[in-house]
There are 6 protein chains.
Amino acid sequence: MKPRIVQNIERPDPVLAKKLGEFGTATVHEAQGRTGLMLPYMRPIYPAARVGNPAVTVLCHPGDNLMIHAAISVCRPGDVLVVTTLADSTDGMFGELLGTSCHAHGIAGLVIHAGVRDVADLTTMQFPVFSRAISSMGTVKETPGYVNVDIVCAGAIVHPGDIIVGDVDGVVVVPRQNAEAVVRACEARLAKEAKNRERLRAGELGLDMYGLREKLKNLGVEWV
Amino acid sequence: MKPRIVQNIERPDPVLAKKLGEFGTATVHEAQGRTGLMLPYMRPIYPAARVGNPAVTVLCHPGDNLMIHAAISVCRPGDVLVVTTLADSTDGMFGELLGTSCHAHGIAGLVIHAGVRDVADLTTMQFPVFSRAISSMGTVKETPGYVNVDIVCAGAIVHPGDIIVGDVDGVVVVPRQNAEAVVRACEARLAKEAKNRERLRAGELGLDMYGLREKLKNLGVEWV
Amino acid sequence: MKPRIVQNIERPDPVLAKKLGEFGTATVHEAQGRTGLMLPYMRPIYPAARVGNPAVTVLCHPGDNLMIHAAISVCRPGDVLVVTTLADSTDGMFGELLGTSCHAHGIAGLVIHAGVRDVADLTTMQFPVFSRAISSMGTVKETPGYVNVDIVCAGAIVHPGDIIVGDVDGVVVVPRQNAEAVVRACEARLAKEAKNRERLRAGELGLDMYGLREKLKNLGVEWV
Amino acid sequence: MKPRIVQNIERPDPVLAKKLGEFGTATVHEAQGRTGLMLPYMRPIYPAARVGNPAVTVLCHPGDNLMIHAAISVCRPGDVLVVTTLADSTDGMFGELLGTSCHAHGIAGLVIHAGVRDVADLTTMQFPVFSRAISSMGTVKETPGYVNVDIVCAGAIVHPGDIIVGDVDGVVVVPRQNAEAVVRACEARLAKEAKNRERLRAGELGLDMYGLREKLKNLGVEWV
Amino acid sequence: MKPRIVQNIERPDPVLAKKLGEFGTATVHEAQGRTGLMLPYMRPIYPAARVGNPAVTVLCHPGDNLMIHAAISVCRPGDVLVVTTLADSTDGMFGELLGTSCHAHGIAGLVIHAGVRDVADLTTMQFPVFSRAISSMGTVKETPGYVNVDIVCAGAIVHPGDIIVGDVDGVVVVPRQNAEAVVRACEARLAKEAKNRERLRAGELGLDMYGLREKLKNLGVEWV
Amino acid sequence: MKPRIVQNIERPDPVLAKKLGEFGTATVHEAQGRTGLMLPYMRPIYPAARVGNPAVTVLCHPGDNLMIHAAISVCRPGDVLVVTTLADSTDGMFGELLGTSCHAHGIAGLVIHAGVRDVADLTTMQFPVFSRAISSMGTVKETPGYVNVDIVCAGAIVHPGDIIVGDVDGVVVVPRQNAEAVVRACEARLAKEAKNRERLRAGELGLDMYGLREKLKNLGVEWV
């Protein structure tokens, strides 16, 4: 329960993380049994924002970004910051200066359950940010918090080192130890979808392709 | 009250529907006495999305898109799917595979009181979607529902075959039997607005053009 | 308490207003002690929308834009309309015709605690609008209200003649009499930030630059 | 589309309406196939508020209660007013004076998709009100609307003469022509529930009573 | 713009404040031209909570109640604390210990644009509190703020010394200098309402009493 | 990732759980460093609802209460059910029949991130329920889920066997292994608060008691 900064965490295989990022949120979420999805109010600040990287987690007092500074010091290139607050807040806890610092250290992106500002600058530098709000409200650097503990962010549990996959469809968390299994499940899913896509493109109905006519009949749905 | 799929509906004159789509939501809504507007949280997934097409209505269990598959089988080219759920949900009930199927059958667009996913792909294929959320949360295909019954979608009543007009200003429903009257009212309105636009562009005040100085006086508003 | 239109207000030095607009919302808000920020639901209708101009304030009955017409008649070129309603509303109180009229009179933009419509047209004419909603729901011109009285807009107090600074980070209000002090504080802040930016770009940590290691220690945060 | 007041509507058998009111919202909603439920933000102003009565529907301009006065003139004793607005509003469109008038005419209650005020007085007179807000914001009597047309209220379609069932669990609409079938379905449901209640009270598990152990097994759920 | 505590403010005539409190929110709000109402999410923690007292205003950093302590030191018996925060927060900034301190100093109540806790205790001591949330989330005492400056609370401007009227219908602010005029307007309104109440109780329709039949006709509303 | 029901969990010392329940949410939350609080929309269905009991956790598909039935079969007397859903839902997943079953098995209460119904009956039987909504919308029993896995409920992580403390101030989660330390911290806190209460009751200011005058001075707050 004491405020603390955990400096060393286990990270996933970067090849797996990269692959998951390329599969994208919707595919990954399906492939891991529809778990780990952040709530839909977590949105990218520009449509092309995309991540597939290990999480360094940050738990802040609302309106206070002291612990983000601490977190940057324990990040390695390729990490993504995942920030949440002890109570709901939309304050702009992250802006262009912090983005510049992240760039300098090779940090791959930010997921924040609060607000961000300087979004024009952050977009120009193509720094992928997922947030619940855009707000100019600044923050102080006064209150202790936590780095690299388990957190809840937008309804999802995030352990340090979990893989964060984000794109225009939202953000999903893949537990580190599941990375390889989820990659395989994604590949299987994509292969299957490719076949289905061809059949649908050719005009076959989902009703027939998925065998739903029989199901509708069994459920007592009438065709009138 | 029994789950059912109505296969044949009356559709409006496609020329009228097309014209209404070109007039756009704001004009059509005014022209039909400010009725039929969906609530403002119903938004296009890309700014240029636009529809003016007859509705095939779908009423689903939340988190279950079985009836969307059924609805596609009764659509004709040029129809737009209007989907709602029995209880509020933001689940991503529609994605790129269903979009591909819609494209194959000439379906003109989707209005959905729930979430969608694969929005990058749907945008690339320029499939116009209006939704209340973007979410990767997938759905099952297990529960019966209804196709082509009267539904409520984002606060508006939609009968099968009503004309759905949607653009960046939102979505409005034109009852099928009103189509011709609303087209005429739109034309009259646009003609009047064209004149007013010229006067306003020339610097005339709305206060004078609409005769509001007298009204302000009668209402007891003082000029200080 | 009687409805009234105040025709003459004191306006700030336009050079100061323009400078504040160029500094942008986040910088100005910080520079004036984090006061005057509108709530984050006040958003531009297109990302490049930007204002730095004196406010003409308008207090309307919800769903009634009569007083906006009155307000335009007392505006001078370079003013920005700041509109709020007596009770919460998302109705589309402003559209392309009013935008045309504003253009004709050199009005610089609109901040409205309600909805707007014709956003495609308003975007094409590059008329900067900040609103809480997009809605086609039209309004009447029937009910008295106020022009150029103190109002509350999205949680911020606005006096007539205050400077409204808006961009993609939101909207902030600078009291007219503070304009010069805030400009100076912005300049000081930017100079300081430029130095910090260089140090952060070079890889220095915020933790060191701001002297936060000592603070963390004093707060009892442990490095594990 | 023209504003109008429909004076004569068909009403349901009052005995059926009364029975439905006694069954309560949850039972009635289940018995009619989980349709017709208003959204959960529609709440009673006091916990014991309860209705089971035919609807006189009212469609108002937001912030304008003119049509409520019109509607009272066409009510018969035992009717319940169901009021909605053309655009979202929380204004207090109904207070103690209107409640007194309703009492004088034997009106049985109010369901309103807006605000109410004088809730202490309305509670004292035990006038059942279901609303989405409590607000002192008064309204004007200026704008035309509709009485006894089909409306949407809190997500549910209400036809004039439909039966409104409301209690602390919310509000559900029973189409007039379904009243008898729904009463019978409620009775069957209650009889079945009484038996189930006894079994559950005696300690039998729902898992066994509903045969869910087999289902869990078929769904692949593991007992660990 | 510097943090400060204003120790001496002008207060209204306590007899007028008491009268306004007895008239109640709905009457006072109407009597002062429907201005000054706080948004409807500001609710009493128990139904009988009621105030009619001068405001001592407090502007806090979110999650920090330092300035409430400062404000209590400048209160006089009969004052009501009106607290808001620089950014939206629902943290529980006030609990039973602060309530005990307020009791000891004769403070009459609290209106807070944040959360409160220990609501069972505060209800037992019958300390009237109006808040936007109930939350156990505690606060720090670290950040400077303001006492007795103009603030915005739940959408209403509050000047120090304004009269706060609150009851189960919400909270309304009466500017100090308007107190006498509003009291007179309330008395006139109540006298008129008493007559109207009698007529309505006797069965006269609002339609006739307010002369609305003619208005409906002029507005083109048809009786069908 | 496979659906599963964990039948045996470690439970905390019941004496500690009971004590924590008696301390109440606000005290416990403070005592464990302001962690573990559920968001403030989680509210009791009646003001006296109160729990201090170990959690059996349930993760359901939205709109499906199959896993609640499974969970009851693994509960021991004195457990509290903590239920959440894979995606946001307000459906009424729990009603009087399930309440009867819980009573029969000595289950102490329910915390549910969804809706409940039959709240009049549940209140009469004094079954403490904390929920985010009241809704009559029923659910199916079709989709697999999880019992006794780590879940997120209203923003808080809940491990099976954690202690759930709930009252009118909200709900807080105490990790099982912290129970004894938190009890001690609560006792220390209450002892300190008792002293402070006496001093505040005697009229001492918080400003003096907490030594805040010096702090205000150091922060640069001016007394005017």
# chains A, B, ... in the order shown; residues from 1 in each chain; ligands from 1

call {"tool": "select_by_dssp", "arguments": {"residues": "stretch 8-193 of chain A", "states": "strand (DSSP E)", "output": "count of residues only"}}
result
50

call {"tool": "interface_residues", "arguments": {"of": "chain E", "to": "chain D", "cutoff": "6 Å", "atoms": "only C-alpha atoms", "output": "PDB file with C-alpha atoms, in the first residue's frame"}}
result
ATOM      1  CA  ALA E  26     -39.168  26.989  -7.588  1.00  0.00           C
ATOM      2  CA  PRO E  40     -30.400  19.805 -11.807  1.00  0.00           C
ATOM      3  CA  ASP E 169     -36.372  21.206  -6.102  1.00  0.00           C
ATOM      4  CA  LEU E 200     -57.926  24.724 -10.700  1.00  0.00           C
ATOM      5  CA  ARG E 201     -59.037  22.796  -7.632  1.00  0.00           C
ATOM      6  CA  GLY E 203     -62.080  22.044 -11.906  1.00  0.00           C
ATOM      7  CA  GLY E 206     -55.680  25.867 -17.317  1.00  0.00           C
ATOM      8  CA  LEU E 207     -56.713  26.158 -20.950  1.00  0.00           C
ATOM      9  CA  VAL E 221     -53.380  23.791 -33.720  1.00  0.00           C
ATOM     10  CA  GLU E 222     -56.348  21.717 -34.867  1.00  0.00           C
ATOM     11  CA  TRP E 223     -58.828  19.960 -32.599  1.00  0.00           C
ATOM     12  CA  VAL E 224     -59.576  16.611 -34.213  1.00  0.00           C
TER      13      VAL E 224
END

call {"tool": "residues_around", "arguments": {"residues": "stretch 172-174 of chain D", "least_positions_apart": "5", "cutoff": "6 Å", "atoms": "only C-alpha atoms", "output": "ChimeraX atom specification"}}
result
/D:25,36-38,162-165

call {"tool": "residues_around", "arguments": {"residues": "B:Val28", "least_positions_apart": "3", "cutoff": "12 Å", "atoms": "only C-alpha atoms", "output": "ChimeraX atom specification"}}
result
/B:16-17,19-25,31-37,52,163-167,169-175,178-190 /C:136-138

call {"tool": "atom_distance", "arguments": {"atom1": "atom CA of D:Ala55", "atom2": "atom CA of B:Cys153"}}
result
21.5 Å
